[in-house]
file my_file-v7.csv (CSV, C-alpha atoms)
chain,number,residue,atom,x,y,z
A,1,MET,CA,46.6,26.0,-4.3
A,2,TYR,CA,49.0,24.7,-1.7
A,3,LYS,CA,48.8,21.1,-2.8
A,4,PHE,CA,49.2,22.1,-6.4
A,5,LEU,CA,52.3,24.2,-5.7
A,6,LYS,CA,53.8,21.3,-3.7
A,7,LEU,CA,53.0,18.9,-6.5
A,8,ILE,CA,54.9,20.9,-9.1
A,9,GLY,CA,57.8,21.4,-6.8
A,10,LYS,CA,57.4,25.2,-6.1
A,11,ASP,CA,58.3,26.9,-2.8
A,12,THR,CA,55.2,26.5,-0.5
A,13,GLU,CA,56.5,28.0,2.7
A,14,LYS,CA,54.9,31.4,2.2
A,15,TYR,CA,51.5,29.7,1.5
A,16,LYS,CA,51.5,27.8,4.8
A,17,LYS,CA,49.2,29.1,7.5
A,18,VAL,CA,49.8,29.9,11.2
A,19,SER,CA,46.9,28.2,13.0
A,20,TYR,CA,45.7,29.3,16.4
A,21,PHE,CA,43.4,27.5,18.8
A,22,TYR,CA,41.3,29.1,21.5
A,23,LEU,CA,41.3,27.4,25.0
A,24,GLN,CA,38.6,29.4,26.9
A,25,GLY,CA,37.0,28.6,30.2
A,26,GLN,CA,37.4,25.7,32.6
A,27,ILE,CA,39.4,22.7,31.5
A,28,THR,CA,36.9,19.9,31.3
A,29,SER,CA,35.9,17.1,29.0
A,30,SER,CA,34.0,19.6,26.9
A,31,MET,CA,37.2,21.6,26.2
A,32,THR,CA,39.0,18.3,25.3
A,33,TYR,CA,36.2,17.5,22.9
A,34,LYS,CA,36.4,20.9,21.2
A,35,VAL,CA,40.2,20.4,20.9
A,36,TYR,CA,39.6,17.0,19.3
A,37,LYS,CA,37.1,18.5,16.8
A,38,ALA,CA,39.5,21.3,15.9
A,39,LEU,CA,42.5,19.1,15.4
A,40,LYS,CA,40.4,16.7,13.3
A,41,LYS,CA,39.8,19.6,10.8
A,42,PHE,CA,43.3,20.9,11.1
A,43,ASN,CA,45.8,20.3,8.3
A,44,PRO,CA,49.3,20.2,9.9
A,45,GLU,CA,51.1,19.8,6.6
A,46,ASN,CA,49.8,23.2,5.5
A,47,SER,CA,50.9,24.9,8.8
A,48,LYS,CA,54.0,27.0,9.5
A,49,ALA,CA,53.3,27.1,13.2
A,50,ILE,CA,50.5,26.5,15.7
A,51,ALA,CA,49.5,28.6,18.7
A,52,LEU,CA,47.3,28.1,21.8
A,53,ILE,CA,45.4,31.2,23.1
A,54,ILE,CA,44.7,30.4,26.7
A,55,ASN,CA,42.2,32.1,29.0
A,56,SER,CA,41.4,29.7,31.9
A,57,THR,CA,41.6,29.5,35.6
A,58,GLY,CA,42.3,25.8,35.4
A,59,GLY,CA,40.2,22.7,35.9
A,60,SER,CA,40.7,19.0,35.4
A,61,LEU,CA,44.4,18.1,35.5
A,62,SER,CA,43.6,14.8,33.6
A,63,HIS,CA,42.1,16.7,30.7
A,64,ALA,CA,44.9,19.2,30.7
A,65,HIS,CA,47.2,16.2,30.2
A,66,ILE,CA,45.1,14.9,27.4
A,67,ILE,CA,45.1,18.3,25.6
A,68,GLN,CA,48.8,18.7,26.1
A,69,ARG,CA,49.5,15.2,24.6
A,70,LYS,CA,47.3,15.9,21.6
A,71,PHE,CA,49.2,19.1,20.6
A,72,ASP,CA,52.5,17.5,21.5
A,73,LEU,CA,51.9,14.6,19.1
A,74,VAL,CA,51.1,17.0,16.2
A,75,ARG,CA,54.1,19.4,16.7
A,76,LYS,CA,56.6,16.5,17.1
A,77,LYS,CA,55.2,14.5,14.2
A,78,TYR,CA,55.2,17.4,11.8
A,79,ASN,CA,58.0,19.5,13.4
A,80,ILE,CA,55.8,22.5,13.9
A,81,PRO,CA,56.8,25.2,16.4
A,82,LEU,CA,54.1,25.8,19.2
A,83,TYR,CA,53.4,29.2,20.6
A,84,THR,CA,51.4,29.7,23.7
A,85,PHE,CA,49.7,32.9,24.8
A,86,ALA,CA,48.0,33.9,28.1
A,87,GLU,CA,45.1,36.3,27.8
A,88,ASP,CA,43.3,37.2,31.1
A,89,TYR,CA,44.2,34.0,33.1
A,90,ALA,CA,46.4,31.0,32.8
A,91,LEU,CA,46.2,29.4,36.3
A,92,SER,CA,46.9,25.9,37.6
A,93,GLY,CA,46.3,23.3,34.8
A,94,ALA,CA,46.0,26.2,32.3
A,95,PHE,CA,49.5,27.4,33.4
A,96,TYR,CA,50.7,23.8,32.7
A,97,LEU,CA,49.3,24.2,29.1
A,98,LEU,CA,51.0,27.6,28.8
A,99,CYS,CA,54.3,26.2,29.7
A,100,MET,CA,54.2,23.6,26.9
A,101,GLY,CA,55.0,26.3,24.3
A,102,ASP,CA,58.3,26.5,22.5
A,103,LYS,CA,57.8,30.3,22.9
A,104,ILE,CA,55.6,31.7,25.7
A,105,PHE,CA,53.9,35.1,25.7
A,106,CYS,CA,51.5,37.0,28.0
A,107,ASN,CA,49.8,40.3,28.2
A,108,LYS,CA,51.2,42.7,30.8
A,109,THR,CA,48.1,42.2,33.0
A,110,SER,CA,47.7,38.4,32.5
A,111,ILE,CA,47.3,36.5,35.8
A,112,VAL,CA,49.3,33.3,35.6
A,113,GLY,CA,50.8,30.7,37.9
A,114,ALA,CA,49.1,29.0,40.9
A,115,VAL,CA,50.8,25.7,40.1
A,116,GLY,CA,49.1,23.1,42.3
A,117,THR,CA,46.0,20.9,42.7
A,118,GLN,CA,43.1,20.9,45.1
A,119,ILE,CA,40.0,18.9,45.8
A,120,GLN,CA,36.9,20.5,47.2
A,121,THR,CA,34.0,18.9,49.0
A,122,LEU,CA,31.0,20.4,50.7
A,123,ASN,CA,30.2,19.3,54.2
A,124,ILE,CA,26.4,19.2,54.6
A,125,LEU,CA,26.4,17.3,58.0
A,126,ASN,CA,25.1,20.4,60.0
A,127,LEU,CA,22.3,20.9,57.4
A,128,LEU,CA,21.1,17.3,57.7
A,129,GLU,CA,21.2,17.5,61.5
A,130,HIS,CA,19.2,20.8,61.5
A,131,TYR,CA,16.4,19.1,59.5
A,132,ASN,CA,16.8,15.8,61.5
A,133,LEU,CA,17.6,13.8,58.4
A,134,GLU,CA,19.5,10.5,58.4
A,135,VAL,CA,21.7,9.3,55.5
A,136,ARG,CA,22.3,5.5,55.3
A,137,THR,CA,25.4,4.5,53.4
A,138,PHE,CA,26.3,0.9,52.5
A,139,ASN,CA,29.8,0.3,51.2
A,140,SER,CA,32.1,-2.6,50.6
A,141,GLY,CA,35.4,-1.1,51.7
A,142,SER,CA,36.6,1.1,54.5
A,143,ASN,CA,37.7,4.0,52.2
A,144,GLU,CA,34.8,3.8,49.7
A,145,THR,CA,33.1,6.9,51.1
A,146,PHE,CA,36.0,9.2,51.8
A,147,LEU,CA,34.7,11.9,49.3
A,148,GLN,CA,31.2,12.0,50.7
A,149,GLN,CA,29.9,15.3,52.0
A,150,LEU,CA,29.1,14.0,55.5
A,151,ASP,CA,32.5,13.6,57.2
A,152,PRO,CA,33.5,16.3,59.6
A,153,LEU,CA,37.0,17.8,59.1
A,154,SER,CA,38.2,15.9,62.1
A,155,ASN,CA,37.9,12.6,60.2
A,156,ASN,CA,41.6,12.0,59.9
A,157,SER,CA,41.3,9.1,57.5
A,158,SER,CA,39.5,11.2,54.9
A,159,THR,CA,41.7,14.2,55.4
A,160,ASN,CA,44.9,12.1,55.1
A,161,ILE,CA,43.7,10.5,51.9
A,162,LEU,CA,42.8,13.8,50.3
A,163,GLU,CA,46.2,15.3,51.4
A,164,ASN,CA,48.1,12.4,49.9
A,165,ILE,CA,46.2,12.7,46.6
A,166,ASN,CA,46.9,16.4,46.4
A,167,ALA,CA,50.5,16.0,47.3
A,168,GLN,CA,51.1,13.3,44.6
A,169,GLN,CA,49.2,15.3,41.9
A,170,ASN,CA,51.0,18.5,42.8
A,171,GLN,CA,54.4,16.8,42.6
A,172,GLN,CA,53.5,15.2,39.3
A,173,LEU,CA,52.3,18.5,37.9
A,174,GLN,CA,55.5,20.3,38.9
A,175,GLN,CA,57.7,17.6,37.5
A,176,GLN,CA,55.9,17.7,34.2
A,177,ILE,CA,56.1,21.5,33.9
A,178,ASN,CA,59.8,21.3,34.9
A,179,GLN,CA,60.5,18.9,32.0
A,180,MET,CA,58.6,21.0,29.5
A,181,ILE,CA,60.2,24.4,30.3
A,182,GLY,CA,63.8,23.0,30.3
A,183,ASN,CA,66.3,25.7,31.2
A,184,ARG,CA,64.0,28.7,31.5
A,185,GLN,CA,65.2,31.1,34.1
A,186,ASN,CA,63.9,31.2,37.7
A,187,LYS,CA,61.7,28.2,37.3
A,188,GLU,CA,62.0,27.1,40.9
A,189,GLN,CA,60.5,30.5,42.0
A,190,ILE,CA,57.7,30.2,39.4
A,191,LEU,CA,56.7,26.6,40.4
A,192,ASN,CA,56.1,27.3,44.1
A,193,GLY,CA,52.4,27.9,43.7
A,194,SER,CA,52.6,31.7,43.6
A,195,ILE,CA,50.6,34.0,41.2
A,196,PHE,CA,52.2,36.5,38.9
A,197,ASN,CA,51.3,38.9,36.2
A,198,GLY,CA,52.7,38.8,32.7
A,199,GLN,CA,55.0,41.8,33.2
A,200,GLN,CA,56.6,40.2,36.3
A,201,LEU,CA,57.3,37.0,34.5
A,202,PHE,CA,58.9,38.8,31.6
A,203,GLU,CA,60.8,41.7,33.3
A,204,ASP,CA,61.5,40.3,36.8
A,205,TYR,CA,61.9,36.6,36.2
A,206,LYS,CA,62.8,36.4,32.5
A,207,PHE,CA,60.6,33.3,32.4
A,208,ILE,CA,58.6,34.1,29.2
A,209,ASP,CA,59.6,35.2,25.7
A,210,GLY,CA,57.7,38.4,25.5
A,211,ILE,CA,54.7,40.6,26.2
A,212,GLY,CA,52.0,41.3,23.7
A,213,GLN,CA,48.8,40.3,22.0
A,214,TYR,CA,48.9,37.1,20.0
A,215,LEU,CA,47.8,38.5,16.6
A,216,ASN,CA,50.5,41.2,16.7
A,217,ILE,CA,53.2,38.7,17.8
A,218,LEU,CA,52.3,36.0,15.2
A,219,SER,CA,52.1,38.6,12.4
A,220,ASN,CA,55.6,39.9,13.3
A,221,GLU,CA,57.0,36.4,13.6
A,222,TYR,CA,55.4,35.2,10.3
A,223,PRO,CA,54.8,38.3,8.2
A,224,GLN,CA,54.3,36.3,4.9
A,225,ASN,CA,51.9,33.7,6.3
A,226,LYS,CA,48.2,33.9,6.8
A,227,LEU,CA,46.8,33.6,10.3
A,228,GLU,CA,43.9,31.2,10.7
A,229,ASN,CA,41.5,30.6,13.6
A,230,ALA,CA,41.5,26.8,13.8
A,231,THR,CA,38.7,26.6,16.4
A,232,GLN,CA,36.4,28.8,14.4
A,233,LYS,CA,33.2,27.0,13.3
A,234,THR,CA,32.9,26.2,9.6
A,235,GLN,CA,29.9,27.5,7.6
A,236,ARG,CA,28.4,24.0,7.7
A,237,GLU,CA,28.7,23.8,11.5
A,238,LYS,CA,27.0,27.2,11.8
A,239,MET,CA,24.2,26.1,9.5
A,240,ILE,CA,23.6,22.9,11.5
A,241,GLU,CA,23.5,24.8,14.8
A,242,PHE,CA,21.1,27.4,13.3
A,243,PHE,CA,18.6,24.7,12.1
A,244,GLN,CA,19.0,22.8,15.3
A,245,SER,CA,18.1,25.9,17.3
A,246,LYS,CA,15.0,26.4,15.1
A,247,LEU,CA,13.9,22.8,15.7
A,248,ASN,CA,14.2,23.2,19.4
call {"tool": "encode", "arguments": {"input": "my_file-v7.csv", "output": "C-alpha cells"}}
result
Amino acid sequence: MYKFLKLIGKDTEKYKKVSYFYLQGQITSSMTYKVYKALKKFNPENSKAIALIINSTGGSLSHAHIIQRKFDLVRKKYNIPLYTFAEDYALSGAFYLLCMGDKIFCNKTSIVGAVGTQIQTLNILNLLEHYNLEVRTFNSGSNETFLQQLDPLSNNSSTNILENINAQQNQQLQQQINQMIGNRQNKEQILNGSIFNGQQLFEDYKFIDGIGQYLNILSNEYPQNKLENATQKTQREKMIEFFQSKLN
C-alpha cells in the first residue's frame, strides 16, 4: 500500500510507521547481533520515527558504541527522529544509548546514570595456596599477564594499568555523551557518575524531555501513524525456532 501510494504521488506520511526496538539485558555481542538482525528487516523509508526502549544495567562499552553507530547511520541517512526511553534501568553504557535520542524519556522510577567504566577480576591466589596448587605462566612481555587472576592488589603495575584503562575509557564515554546531548541542562551534574531516577532528571535537572510509558508518548506524538515492534520475531522466525526446538 505504502509503495503504491508513493508511486502515484499520494500523501504517504500518515501511512508511515513508528518503529520501536527493544534493548533488553546486558550489552553484549548478542545484543548487537539482535540489533543487526532487526535493522536488516527494518524499512526506514516507511518510518516516521524510530524509538529505542532500553532496560539494561550496562555492559560492553565497545558494543554500546557499535549499536549507537548503527542507529545513528539510519537516522541521519533517512532524516528520521530518534526517541529513547528508559524502562527499569539505563545505567553506564545503557545510559550512553539513552542519551543518543533526539528526545529522551523515562518512567518516574527508572534508575539511570552511573556514567563510567569498570574492569573486574577475581583474585584466586589464596584459593590456590590453600590447596597447594602452583600455576606456571609463560609470557613474551612484561605486561602480558596483567589481567590474570593471580596478582595481589599490591601489584602496582597491574593496578596502574587497569586504572589508566578505566580513566581513558571513562573520559571517552563522557566526551561522547557530552557531544550527543548538546545543550541539555545540568549535564555536568549528570555526567559525574551519580545515579538518578526519572523524576529527578525531569523535574530537578530538566535533563530529559518527559516522563511516561513509550506506547503512550509515541501514540500522542504520532496519533495518525501505526506503532510497530521492529524487534518482534516474524512468523517465519517463530516457526523455525519451533521446529528447531522439536528437533533438539
call {"tool": "closest_residue", "arguments": {"input": "my_file-v7.csv", "among": "A:Lys226, A:Lys37, A:Asn46, A:Leu97", "to": "Leu23 of chain A", "atoms": "only C-alpha atoms"}}
result
A:Leu97
call {"tool": "residues_around", "arguments": {"input": "my_file-v7.csv", "residues": "Ala51 of chain A", "least_positions_apart": "6", "cutoff": "9 Å", "atoms": "only C-alpha atoms", "output": "PyMOL selection string"}}
result
chain A and resi 18-22+81-85+101+214+218
call {"tool": "closest_residue", "arguments": {"input": "my_file-v7.csv", "among": "A:Gly59, A:Gly210, A:Gly113, A:Gly25", "to": "Leu98 of chain A", "atoms": "only C-alpha atoms"}}
result
A:Gly113
call {"tool": "atom_distance", "arguments": {"input": "my_file-v7.csv", "atom1": "atom CA of Lys16 of chain A", "atom2": "atom CA of Ala86 of chain A"}}
result
24.3 Å
call {"tool": "atom_distance", "arguments": {"input": "my_file-v7.csv", "atom1": "atom CA of Gly212 of chain A", "atom2": "atom CA of Ile104 of chain A"}}
result
10.4 Å
call {"tool": "residues_around", "arguments": {"input": "my_file-v7.csv", "residues": "segment 55-57 of chain A", "least_positions_apart": "2", "cutoff": "7 Å", "atoms": "only C-alpha atoms", "output": "list in words"}}
result
Leu23, Gln24, Gly25, Gln26, Ile53, Gly59, Ala86, Glu87, Asp88, Tyr89, Ala90, Leu91, Ser92 and Ala94 of chain A
call {"tool": "atom_distance", "arguments": {"input": "my_file-v7.csv", "atom1": "atom CA of Ile80 of chain A", "atom2": "atom CA of Leu52 of chain A"}}
result
12.9 Å
call {"tool": "residues_near_point", "arguments": {"input": "my_file-v7.csv", "point": "(42.1, 14.9, 34.7)", "cutoff": "10 Å", "atoms": "all atoms listed in the file", "output": "ChimeraX atom specification"}}
result
/A:27-29,59-66,93
call {"tool": "closest_residue", "arguments": {"input": "my_file-v7.csv", "among": "A:Ile195, A:Leu125, A:Ala49, A:Tyr131", "to": "Thr109 of chain A", "atoms": "only C-alpha atoms"}}
result
A:Ile195
call {"tool": "residues_near_point", "arguments": {"input": "my_file-v7.csv", "point": "(49.6, 15.4, 11.3)", "cutoff": "6 Å", "atoms": "all atoms listed in the file", "output": "PyMOL selection string"}}
result
chain A and resi 44+74+78
